[in-house]
>>> print(open('work-v9.txt').read())   # compact mmCIF, C-alpha atoms and all ligand atoms
# COMPACT_ATOMS: atom_id res chain seq x y z
CA MET A 1 123.10 114.43 93.77
CA SER A 2 124.58 110.97 93.33
CA SER A 3 123.43 108.66 90.56
CA THR A 4 123.10 104.89 90.61
CA VAL A 5 122.69 102.43 87.76
CA ILE A 6 120.91 99.11 88.32
CA THR A 7 122.22 96.94 85.56
CA ASN A 8 122.01 93.31 84.36
CA ILE A 9 118.19 93.34 84.46
CA ALA A 10 116.79 90.39 82.44
CA THR A 11 113.35 91.99 82.06
CA LEU A 12 112.44 95.57 82.85
CA VAL A 13 108.77 96.60 83.01
CA THR A 14 108.62 100.36 82.34
CA ASN A 15 104.87 100.78 81.61
CA ASP A 16 106.02 103.27 79.00
CA PRO A 17 104.75 102.04 75.61
CA SER A 18 107.25 104.24 73.78
CA LEU A 19 110.06 102.08 75.19
CA GLY A 20 111.29 98.54 74.50
CA ASP A 21 108.74 96.21 72.92
CA ARG A 22 106.18 99.04 72.55
CA THR A 23 103.46 97.07 74.40
CA PRO A 24 101.64 98.77 77.30
CA LEU A 25 104.29 97.28 79.63
CA GLY A 26 107.13 98.78 77.56
CA LEU A 27 109.29 95.70 78.22
CA VAL A 28 113.04 96.11 77.82
CA ARG A 29 115.28 93.00 77.89
CA ASP A 30 118.92 93.14 79.11
CA ALA A 31 118.09 96.47 80.63
CA ALA A 32 119.41 99.08 83.05
CA VAL A 33 117.77 101.81 85.12
CA VAL A 34 119.56 104.98 86.21
CA ILE A 35 118.38 106.69 89.41
CA ASP A 36 119.23 110.30 90.23
CA GLY A 37 118.18 111.26 93.76
CA ASP A 38 114.56 110.17 94.14
CA ARG A 39 113.80 110.05 90.40
CA ILE A 40 114.37 107.81 87.41
CA ALA A 41 116.88 109.52 85.11
CA TRP A 42 117.15 106.93 82.35
CA THR A 43 115.90 103.46 81.34
CA GLY A 44 116.96 101.33 78.38
CA GLU A 45 119.27 98.59 77.20
CA SER A 46 122.23 97.89 79.51
CA ARG A 47 124.83 98.44 76.83
CA LYS A 48 123.61 102.02 76.26
CA ALA A 49 123.49 103.03 79.93
CA PRO A 50 125.21 106.34 80.77
CA ALA A 51 128.07 106.46 83.29
CA THR A 52 127.08 106.86 86.96
CA ASP A 53 128.68 107.10 90.41
CA ASN A 54 127.34 103.79 91.74
CA ARG A 55 126.52 100.48 90.13
CA VAL A 56 124.19 97.73 91.37
CA ASP A 57 124.07 94.34 89.61
CA ALA A 58 120.52 92.94 89.44
CA GLY A 59 121.95 89.49 88.66
CA GLY A 60 119.70 88.79 85.67
CA ARG A 61 116.50 89.41 87.64
CA THR A 62 113.35 91.38 86.81
CA VAL A 63 112.59 94.99 87.72
CA ILE A 64 109.03 96.33 87.83
CA PRO A 65 107.56 99.60 89.08
CA GLY A 66 106.64 99.36 92.79
CA PHE A 67 103.02 98.33 93.23
CA VAL A 68 100.46 101.10 93.65
CA ASP A 69 97.86 99.73 96.06
CA SER A 70 95.04 102.22 95.56
CA HIS A 71 92.56 100.67 98.02
CA SER A 72 93.16 99.59 101.61
CA HIS A 73 91.59 100.05 105.06
CA LEU A 74 94.57 99.96 107.40
CA VAL A 75 93.58 102.12 110.35
CA PHE A 76 91.86 99.59 112.59
CA ALA A 77 92.37 97.45 115.68
CA GLY A 78 91.64 93.80 116.35
CA ASP A 79 90.89 91.12 113.80
CA ARG A 80 87.89 89.01 112.73
CA THR A 81 89.21 85.46 112.80
CA GLU A 82 85.92 84.13 114.20
CA GLU A 83 83.93 85.71 111.41
CA PHE A 84 86.32 84.27 108.81
CA ASN A 85 86.03 80.83 110.37
CA ALA A 86 82.24 81.04 110.35
CA ARG A 87 82.29 82.11 106.72
CA MET A 88 84.50 79.22 105.74
CA SER A 89 81.90 76.96 107.37
CA GLY A 90 79.21 78.40 105.13
CA ARG A 91 78.02 81.69 106.65
CA ALA A 92 77.64 84.59 104.16
CA TYR A 93 79.65 87.83 104.34
CA SER A 94 77.67 90.91 105.36
CA ALA A 95 78.62 94.54 105.83
CA GLY A 96 77.44 94.19 109.45
CA GLY A 97 80.81 92.70 110.44
CA ILE A 98 82.28 96.18 110.08
CA ARG A 99 80.70 96.98 113.49
CA THR A 100 83.03 94.53 115.21
CA THR A 101 86.06 96.43 113.93
CA VAL A 102 84.44 99.78 114.74
CA ALA A 103 84.14 98.75 118.40
CA ALA A 104 87.76 97.53 118.55
CA THR A 105 89.07 100.62 116.77
CA ARG A 106 87.23 103.06 119.02
CA ALA A 107 88.67 101.28 122.07
CA ALA A 108 92.27 101.48 120.80
CA THR A 109 94.74 104.23 121.64
CA ASP A 110 96.33 106.38 118.93
CA ALA A 111 99.63 104.60 119.54
CA GLU A 112 98.02 101.19 119.06
CA LEU A 113 96.37 102.24 115.81
CA GLU A 114 99.59 103.71 114.47
CA ALA A 115 101.62 100.64 115.46
CA ASN A 116 99.11 98.44 113.63
CA LEU A 117 99.21 100.64 110.54
CA THR A 118 103.01 100.68 110.53
CA ARG A 119 103.13 96.91 110.78
CA TYR A 120 100.83 96.37 107.78
CA LEU A 121 102.71 98.96 105.78
CA ALA A 122 106.01 97.20 106.44
CA GLU A 123 104.35 93.95 105.38
CA ALA A 124 103.13 95.54 102.14
CA LEU A 125 106.51 97.13 101.43
CA ARG A 126 108.25 93.76 101.74
CA GLN A 127 105.86 92.53 99.05
CA GLY A 128 106.69 95.36 96.66
CA THR A 129 104.12 98.06 97.45
CA THR A 130 105.64 101.54 97.30
CA THR A 131 102.48 103.68 97.08
CA PHE A 132 99.32 103.02 99.01
CA GLU A 133 95.99 104.63 99.67
CA THR A 134 94.22 104.09 102.97
CA LYS A 135 90.90 105.06 104.51
CA SER A 136 89.07 105.87 107.69
CA GLY A 137 85.73 104.11 108.21
CA TYR A 138 86.17 102.16 111.44
CA GLY A 139 85.59 105.12 113.75
CA LEU A 140 82.26 106.60 112.62
CA THR A 141 82.32 109.46 115.13
CA VAL A 142 83.75 112.89 114.40
CA ALA A 143 86.71 112.35 116.72
CA ASP A 144 87.41 108.74 115.70
CA GLU A 145 87.25 109.42 111.95
CA ALA A 146 89.45 112.50 112.27
CA ARG A 147 92.08 110.68 114.32
CA ALA A 148 92.18 107.77 111.84
CA LEU A 149 92.91 110.21 109.02
CA ARG A 150 95.41 112.19 111.07
CA ILE A 151 97.33 108.98 111.73
CA ALA A 152 97.07 107.83 108.09
CA ALA A 153 98.29 111.19 106.79
CA ARG A 154 101.57 110.70 108.67
CA HIS A 155 102.29 107.71 106.38
CA THR A 156 100.79 108.48 102.96
CA GLU A 157 99.52 111.37 100.88
CA GLU A 158 96.67 109.15 99.57
CA VAL A 159 94.21 109.45 102.42
CA THR A 160 90.49 108.82 102.02
CA TYR A 161 87.65 109.94 104.26
CA LEU A 162 85.17 107.03 104.55
CA GLY A 163 82.88 108.23 107.32
CA ALA A 164 80.18 106.70 105.10
CA HIS A 165 81.37 103.11 105.52
CA ILE A 166 78.16 102.04 107.30
CA VAL A 167 75.62 104.01 109.29
CA SER A 168 77.20 104.41 112.71
CA PRO A 169 75.66 102.08 115.32
CA ASP A 170 74.93 105.24 117.35
CA HIS A 171 72.55 106.39 114.58
CA ALA A 172 71.02 103.03 113.65
CA GLU A 173 67.50 104.45 114.15
CA ASP A 174 68.15 107.62 112.18
CA PRO A 175 70.35 107.13 109.11
CA ALA A 176 69.42 110.58 107.77
CA ALA A 177 70.96 112.17 110.87
CA TYR A 178 74.14 110.18 110.26
CA VAL A 179 74.33 111.37 106.64
CA GLU A 180 73.94 114.90 107.96
CA LEU A 181 76.85 114.34 110.35
CA VAL A 182 79.03 112.79 107.61
CA THR A 183 78.37 115.71 105.26
CA GLY A 184 78.64 118.35 107.99
CA GLU A 185 80.66 118.36 111.18
CA MET A 186 82.54 115.13 110.43
CA LEU A 187 83.51 116.31 106.94
CA GLU A 188 84.81 119.58 108.39
CA ALA A 189 86.95 117.72 110.92
CA CYS A 190 88.27 115.20 108.39
CA ALA A 191 88.82 117.23 105.22
CA PRO A 192 92.14 118.77 106.35
CA TYR A 193 93.77 115.32 106.44
CA ALA A 194 92.24 113.74 103.31
CA ARG A 195 92.59 113.95 99.55
CA TRP A 196 89.61 111.69 98.74
CA ILE A 197 86.05 110.98 99.87
CA ASP A 198 84.57 107.50 99.54
CA VAL A 199 81.20 105.92 100.29
CA PHE A 200 80.12 102.28 100.58
CA CYS A 201 77.17 102.38 98.17
CA GLU A 202 75.44 99.06 98.90
CA LYS A 203 72.34 97.49 100.41
CA GLY A 204 72.89 97.64 104.17
CA ALA A 205 75.18 100.67 103.83
CA PHE A 206 74.25 103.78 101.76
CA ASP A 207 71.81 104.02 98.84
CA GLY A 208 72.34 106.01 95.64
CA ASP A 209 70.74 109.23 96.92
CA GLN A 210 72.69 109.17 100.18
CA ALA A 211 75.91 108.38 98.31
CA ARG A 212 75.34 111.27 95.92
CA ALA A 213 74.72 113.68 98.79
CA ILE A 214 77.87 112.52 100.60
CA LEU A 215 80.17 112.63 97.57
CA THR A 216 78.81 115.99 96.45
CA ALA A 217 79.38 117.49 99.90
CA GLY A 218 82.92 116.13 99.91
CA ARG A 219 83.60 117.58 96.50
CA ALA A 220 82.38 120.99 97.63
CA ARG A 221 84.90 120.74 100.50
CA GLY A 222 87.75 120.01 98.03
CA LEU A 223 87.86 116.20 98.30
CA HIS A 224 87.76 114.09 95.17
CA PRO A 225 85.33 111.14 94.97
CA ARG A 226 85.98 107.40 94.78
CA VAL A 227 83.25 104.83 95.43
CA HIS A 228 82.84 101.33 96.90
CA ALA A 229 80.48 100.23 94.14
CA ASN A 230 78.60 97.07 93.14
CA GLN A 231 80.49 94.79 95.52
CA LEU A 232 77.73 92.58 96.93
CA THR A 233 74.81 93.35 94.62
CA HIS A 234 73.88 95.34 91.53
CA GLY A 235 73.28 98.97 92.43
CA PRO A 236 73.73 102.59 91.43
CA GLY A 237 77.34 102.95 92.65
CA VAL A 238 79.21 102.48 89.40
CA GLN A 239 77.07 104.83 87.36
CA LEU A 240 77.12 107.41 90.12
CA ALA A 241 80.93 107.17 90.24
CA VAL A 242 81.19 107.85 86.50
CA GLU A 243 78.64 110.67 86.67
CA LEU A 244 80.58 112.40 89.45
CA ASP A 245 83.93 111.78 87.69
CA ALA A 246 85.19 109.66 90.57
CA ALA A 247 88.80 108.58 90.10
CA SER A 248 87.76 104.99 90.72
CA ALA A 249 84.80 102.68 91.18
CA ASP A 250 86.05 99.93 93.47
CA HIS A 251 84.97 96.26 93.52
CA CYS A 252 82.77 96.27 90.35
CA THR A 253 81.75 92.67 90.97
CA HIS A 254 78.07 92.85 89.94
CA LEU A 255 77.81 94.84 86.72
CA THR A 256 75.06 95.32 84.14
CA ASP A 257 75.92 96.10 80.51
CA ALA A 258 74.93 99.71 81.25
CA ASP A 259 77.50 99.82 84.08
CA VAL A 260 80.23 98.52 81.78
CA ASP A 261 79.24 101.02 79.08
CA ALA A 262 79.33 103.87 81.60
CA LEU A 263 82.84 102.90 82.72
CA ALA A 264 84.02 102.55 79.13
CA GLY A 265 82.67 106.00 78.27
CA GLY A 266 83.94 107.80 81.36
CA ASN A 267 87.13 108.71 83.11
CA THR A 268 86.65 106.40 86.12
CA VAL A 269 88.98 103.43 86.65
CA ALA A 270 87.44 100.07 87.65
CA THR A 271 89.50 98.88 90.63
CA LEU A 272 89.12 95.14 91.16
CA LEU A 273 89.84 93.68 94.59
CA PRO A 274 90.07 89.90 94.27
CA GLY A 275 91.24 89.46 97.86
CA ALA A 276 87.65 90.30 98.87
CA GLU A 277 86.08 87.65 96.64
CA PHE A 278 88.69 85.14 97.81
CA SER A 279 88.02 85.80 101.51
CA THR A 280 84.24 85.97 101.19
CA ARG A 281 83.95 83.06 98.74
CA ALA A 282 82.07 85.32 96.36
CA GLN A 283 81.75 85.47 92.60
CA TRP A 284 84.87 86.90 90.90
CA PRO A 285 84.68 90.25 89.12
CA ASP A 286 84.89 89.75 85.37
CA ALA A 287 88.05 91.62 84.41
CA ARG A 288 87.96 90.25 80.86
CA ARG A 289 84.56 91.78 80.19
CA LEU A 290 85.80 95.18 81.38
CA LEU A 291 89.07 95.04 79.45
CA ASP A 292 87.33 93.93 76.26
CA ALA A 293 84.98 96.90 76.62
CA GLY A 294 87.97 99.26 76.85
CA VAL A 295 87.68 100.04 80.58
CA THR A 296 90.86 100.94 82.50
CA VAL A 297 91.31 98.31 85.21
CA ALA A 298 93.35 98.57 88.42
CA LEU A 299 94.09 95.77 90.89
CA SER A 300 94.43 96.39 94.63
CA THR A 301 94.32 94.50 97.91
CA ASP A 302 91.40 96.10 99.82
CA CYS A 303 93.45 95.05 102.85
CA ASN A 304 91.05 95.10 105.84
CA PRO A 305 90.32 92.73 108.72
CA GLY A 306 86.86 91.73 107.47
CA SER A 307 86.58 91.01 103.78
CA SER A 308 90.20 90.82 102.56
CA PHE A 309 92.97 90.44 105.10
CA THR A 310 95.86 90.38 102.65
CA SER A 311 98.47 93.06 102.00
CA SER A 312 99.92 91.10 99.09
CA VAL A 313 99.56 92.58 95.62
CA PRO A 314 101.35 89.55 94.08
CA PHE A 315 98.61 87.34 95.55
CA CYS A 316 95.94 89.54 93.94
CA ILE A 317 97.77 89.38 90.60
CA ALA A 318 97.79 85.59 90.75
CA LEU A 319 94.04 85.48 91.52
CA ALA A 320 93.22 87.93 88.74
CA VAL A 321 95.13 85.86 86.21
CA ARG A 322 93.79 82.50 87.37
CA ASP A 323 90.15 83.46 87.93
CA MET A 324 89.29 86.81 86.37
CA GLY A 325 90.46 86.37 82.79
CA MET A 326 93.46 88.71 82.91
CA THR A 327 96.75 87.93 81.20
CA PRO A 328 99.86 88.25 83.39
CA ASP A 329 100.82 91.38 81.43
CA GLU A 330 97.41 92.97 82.07
CA ALA A 331 97.46 92.09 85.76
CA VAL A 332 100.95 93.52 86.34
CA TRP A 333 99.97 96.69 84.48
CA ALA A 334 96.76 96.97 86.54
CA ALA A 335 98.68 96.65 89.84
CA THR A 336 101.19 99.36 88.91
CA ALA A 337 100.09 101.82 86.19
CA GLY A 338 96.41 100.99 86.81
CA GLY A 339 96.71 101.79 90.52
CA ALA A 340 98.43 105.07 89.63
CA LYS A 341 95.54 105.99 87.32
CA ALA A 342 93.05 105.11 90.07
CA LEU A 343 94.85 107.73 92.17
CA ARG A 344 95.19 110.13 89.22
CA ARG A 345 98.96 110.03 89.56
CA ASP A 346 101.54 109.92 86.79
CA ASP A 347 104.69 110.11 88.89
CA VAL A 348 104.35 106.50 90.11
CA GLY A 349 103.46 103.18 88.46
CA ARG A 350 106.00 103.58 85.66
CA LEU A 351 109.76 103.57 85.26
CA ALA A 352 110.60 106.28 82.77
CA PRO A 353 112.66 109.47 83.08
CA GLY A 354 111.11 111.86 85.60
CA ALA A 355 109.06 109.21 87.42
CA ARG A 356 109.66 108.47 91.08
CA ALA A 357 112.38 105.86 91.60
CA ASP A 358 110.00 103.31 93.18
CA LEU A 359 110.73 99.78 92.03
CA ALA A 360 110.79 96.12 92.98
CA VAL A 361 113.44 93.60 91.97
CA LEU A 362 111.91 90.14 91.44
CA ASP A 363 113.84 86.95 91.85
CA ALA A 364 112.51 85.75 88.51
CA PRO A 365 113.39 86.02 84.82
CA SER A 366 110.18 87.94 84.07
CA HIS A 367 107.12 89.58 85.64
CA VAL A 368 104.99 86.63 84.44
CA HIS A 369 106.33 84.64 87.38
CA LEU A 370 104.18 86.77 89.71
CA ALA A 371 101.20 84.73 88.47
CA TYR A 372 103.07 81.61 87.41
CA ARG A 373 104.62 81.09 90.88
CA PRO A 374 101.76 82.03 93.23
CA GLY A 375 102.51 82.29 96.92
CA VAL A 376 106.28 82.40 96.38
CA PRO A 377 108.07 85.44 97.86
CA LEU A 378 109.69 86.68 94.64
CA VAL A 379 110.25 90.27 95.77
CA ALA A 380 114.01 90.42 96.47
CA GLN A 381 114.53 94.19 96.78
CA VAL A 382 112.33 97.26 97.04
CA TRP A 383 113.52 100.79 96.29
CA ARG A 384 111.43 103.80 97.22
CA LYS A 385 112.27 107.36 96.22
CA GLY A 386 115.67 106.13 95.09
CA VAL A 387 116.53 104.45 98.40
CA ARG A 388 116.74 100.71 98.86
CA GLU A 389 114.35 99.83 101.72
CA VAL A 390 114.13 96.04 101.40
O1 LIG B 1 85.96 97.03 100.86
N1 LIG B 1 83.03 97.17 101.34
C1 LIG B 1 83.22 97.74 102.39
N2 LIG B 1 84.33 97.79 103.06
C2 LIG B 1 85.30 96.76 103.07
C3 LIG B 1 84.95 95.71 104.05
C4 LIG B 1 85.19 96.13 105.38
C5 LIG B 1 84.96 95.11 106.43
O2 LIG B 1 84.29 94.06 106.25
O3 LIG B 1 85.47 95.42 107.51
C6 LIG B 1 85.55 96.22 101.68
O4 LIG B 1 85.39 95.03 101.39
FE FE B 2 87.21 98.48 100.66
>>> encode(input="work-v9.txt", output="structure tokens", more="lines below")
Ligand code: NIG
Ligand code: FE
Amino acid sequence: MSSTVITNIATLVTNDPSLGDRTPLGLVRDAAVVIDGDRIAWTGESRKAPATDNRVDAGGRTVIPGFVDSHSHLVFAGDRTEEFNARMSGRAYSAGGIRTTVAATRAATDAELEANLTRYLAEALRQGTTTFETKSGYGLTVADEARALRIAARHTEEVTYLGAHIVSPDHAEDPAAYVELVTGEMLEACAPYARWIDVFCEKGAFDGDQARAILTAGRARGLHPRVHANQLTHGPGVQLAVELDAASADHCTHLTDADVDALAGGNTVATLLPGAEFSTRAQWPDARRLLDAGVTVALSTDCNPGSSFTSSVPFCIALAVRDMGMTPDEAVWAATAGGAKALRRDDVGRLAPGARADLAVLDAPSHVHLAYRPGVPLVAQVWRKGVREV
């Protein structure tokens, strides 16, 4: 197995607090990273780096762990430009728009869906994302949900069954029958392709009792819960997520003190998705309140054609710093180590011996520039599993 050293790194973010400056980011200045096969073999100061076969000069740039985007909806067809335009002229966002994408997705061929997915993944990779989760939820029939997950599973191990995105238009008159389908035949068809089960717990989608039934059925079938919770209104989603030991409660925009306390006392990450508030002109989630309460916070894109059509984690970092009370250090941690925790992974989101060699080289003297220089394409290189891909 050949080894490579990336040297002359001005700032290295390891996310290992036992390294470098001993902060959560474990910052090492004048650093080097040694890669052996698909793994990190060593990180530390350049002058102490062990000898290797190959040498890459980072030119005084910054190296961070590849972004872990723990929340996206990338198996879909079509887009919703009209709806976005209407919203920017004052119309409110509603979950009902999901039906437009459901119709387009059902009408698409497998090849079209996969081509679309591949295109958004390439877009995300160019912006530094090396691990991503993605969901079904725009099919809402047994066959359409199963094919979405089958296609997703060809591209990532983090696949989420979201048959409970909204009540299928075919069951509009009988939501209970749809919940039965989601927890029965559809679950059986989807479970082989998925690691996670998710539910959109919201007015206009699924209430607390329905969400509990769906997540519990998924768990019994070996899927682990995550929840779309408290996005548009206050509701039971966050507390249900903590109660069921969901890996993550996603959105967390409308929280009571009891919701924050539940998150602080549990093992569920709060995943904030500022692309959604940006694209729906909604109130920002209060990251500061969560962090001050001791909650683990992740940042992800929620990339989908309705509420957040961005695949850019750097954009989300900039929003979180500007509008949600996060420091640049906290936001970069949340988009790397935080995303890994939201997926209950410890092999990604950090650059320490044994971790996967997934990293981004930034054309900047430090990671702070991700927020300080918003909208600027700073990602110069991306390495995944020890191979340079960008
Ligand atoms: O996470 N909240 C529900 N699902 C997506 C929106 C999907 C859509 O509008 O198509 C979200 O924001
Ligand atoms: Fe979402």
>>> closest_residue(input="work-v9.txt", among="A:Leu362, A:Ala41, A:Met326, A:Cys252", to="ligand FE 2 (chain B)", atoms="all atoms listed in the file")
A:Cys252
>>> atom_distance(input="work-v9.txt", atom1="atom CA of Ser3 of chain A", atom2="atom CA of Gly37 of chain A")
6.7 Å
>>> atom_distance(input="work-v9.txt", atom1="atom CA of Ala122 of chain A", atom2="atom CA of Arg99 of chain A")
26.3 Å
>>> residues_around(input="work-v9.txt", residues="Ala293 of chain A", least_positions_apart="6", cutoff="9 Å", atoms="only C-alpha atoms", output="VMD selection string")
chain A and resid 260 to 261 263 to 264
>>> closest_residue(input="work-v9.txt", among="A:His228, A:Arg55, A:Lys203, A:Lys341", to="ligand FE 2 (chain B)", atoms="only C-alpha atoms and all ligand atoms")
A:His228
>>> decode(input="work-v9.txt", residues="segment 58-118 of chain A", atoms="C-alpha atoms", output="short mmCIF file (atom, residue, chain, number, x, y, z; two decimals), in the first residue's frame")
data_model
loop_
_atom_site.label_atom_id
_atom_site.label_comp_id
_atom_site.auth_asym_id
_atom_site.auth_seq_id
_atom_site.Cartn_x
_atom_site.Cartn_y
_atom_site.Cartn_z
CA ALA A 58 -0.52 22.07 -0.23
CA GLY A 59 1.11 25.44 -0.91
CA GLY A 60 0.29 26.99 2.46
CA ARG A 61 -3.43 26.28 2.14
CA THR A 62 -5.97 24.86 4.61
CA VAL A 63 -7.04 21.24 4.95
CA ILE A 64 -10.34 20.26 6.59
CA PRO A 65 -12.20 16.96 6.85
CA GLY A 66 -14.56 16.49 3.88
CA PHE A 67 -18.04 17.76 4.68
CA VAL A 68 -20.56 15.23 5.99
CA ASP A 69 -23.92 16.30 4.57
CA SER A 70 -26.29 14.27 6.73
CA HIS A 71 -29.55 15.50 5.17
CA SER A 72 -30.48 15.72 1.49
CA HIS A 73 -33.34 14.68 -0.82
CA LEU A 74 -31.58 13.97 -4.11
CA VAL A 75 -33.71 11.33 -5.81
CA PHE A 76 -36.18 13.48 -7.71
CA ALA A 77 -36.98 14.85 -11.15
CA GLY A 78 -37.91 18.32 -12.32
CA ASP A 79 -37.55 21.55 -10.40
CA ARG A 80 -39.83 24.13 -8.76
CA THR A 81 -38.65 27.42 -10.18
CA GLU A 82 -42.22 28.74 -10.42
CA GLU A 83 -42.90 28.01 -6.79
CA PHE A 84 -39.64 29.73 -5.77
CA ASN A 85 -40.54 32.77 -7.86
CA ALA A 86 -43.99 32.94 -6.28
CA ARG A 87 -42.44 32.68 -2.83
CA MET A 88 -40.02 35.48 -3.53
CA SER A 89 -43.06 37.59 -4.47
CA GLY A 90 -44.59 36.93 -1.07
CA ARG A 91 -46.31 33.53 -1.16
CA ALA A 92 -45.64 31.29 1.88
CA TYR A 93 -43.89 27.90 1.69
CA SER A 94 -46.12 24.88 2.30
CA ALA A 95 -45.46 21.16 2.37
CA GLY A 96 -48.02 20.84 -0.46
CA GLY A 97 -45.35 21.74 -3.03
CA ILE A 98 -43.87 18.29 -2.46
CA ARG A 99 -46.72 16.94 -4.67
CA THR A 100 -45.30 18.71 -7.71
CA THR A 101 -42.01 16.85 -7.33
CA VAL A 102 -43.83 13.58 -6.61
CA ALA A 103 -45.61 13.82 -9.98
CA ALA A 104 -42.37 14.61 -11.84
CA THR A 105 -40.45 11.86 -10.05
CA ARG A 106 -43.06 9.19 -10.74
CA ALA A 107 -43.00 10.12 -14.43
CA ALA A 108 -39.19 9.85 -14.70
CA THR A 109 -37.29 6.74 -15.77
CA ASP A 110 -34.73 5.08 -13.50
CA ALA A 111 -31.97 6.35 -15.78
CA GLU A 112 -33.24 9.93 -15.52
CA LEU A 113 -33.40 9.77 -11.73
CA GLU A 114 -29.93 8.31 -11.49
CA ALA A 115 -28.47 10.88 -13.90
CA ASN A 116 -30.00 13.65 -11.80
CA LEU A 117 -28.64 12.17 -8.58
CA THR A 118 -25.18 11.76 -10.08
#
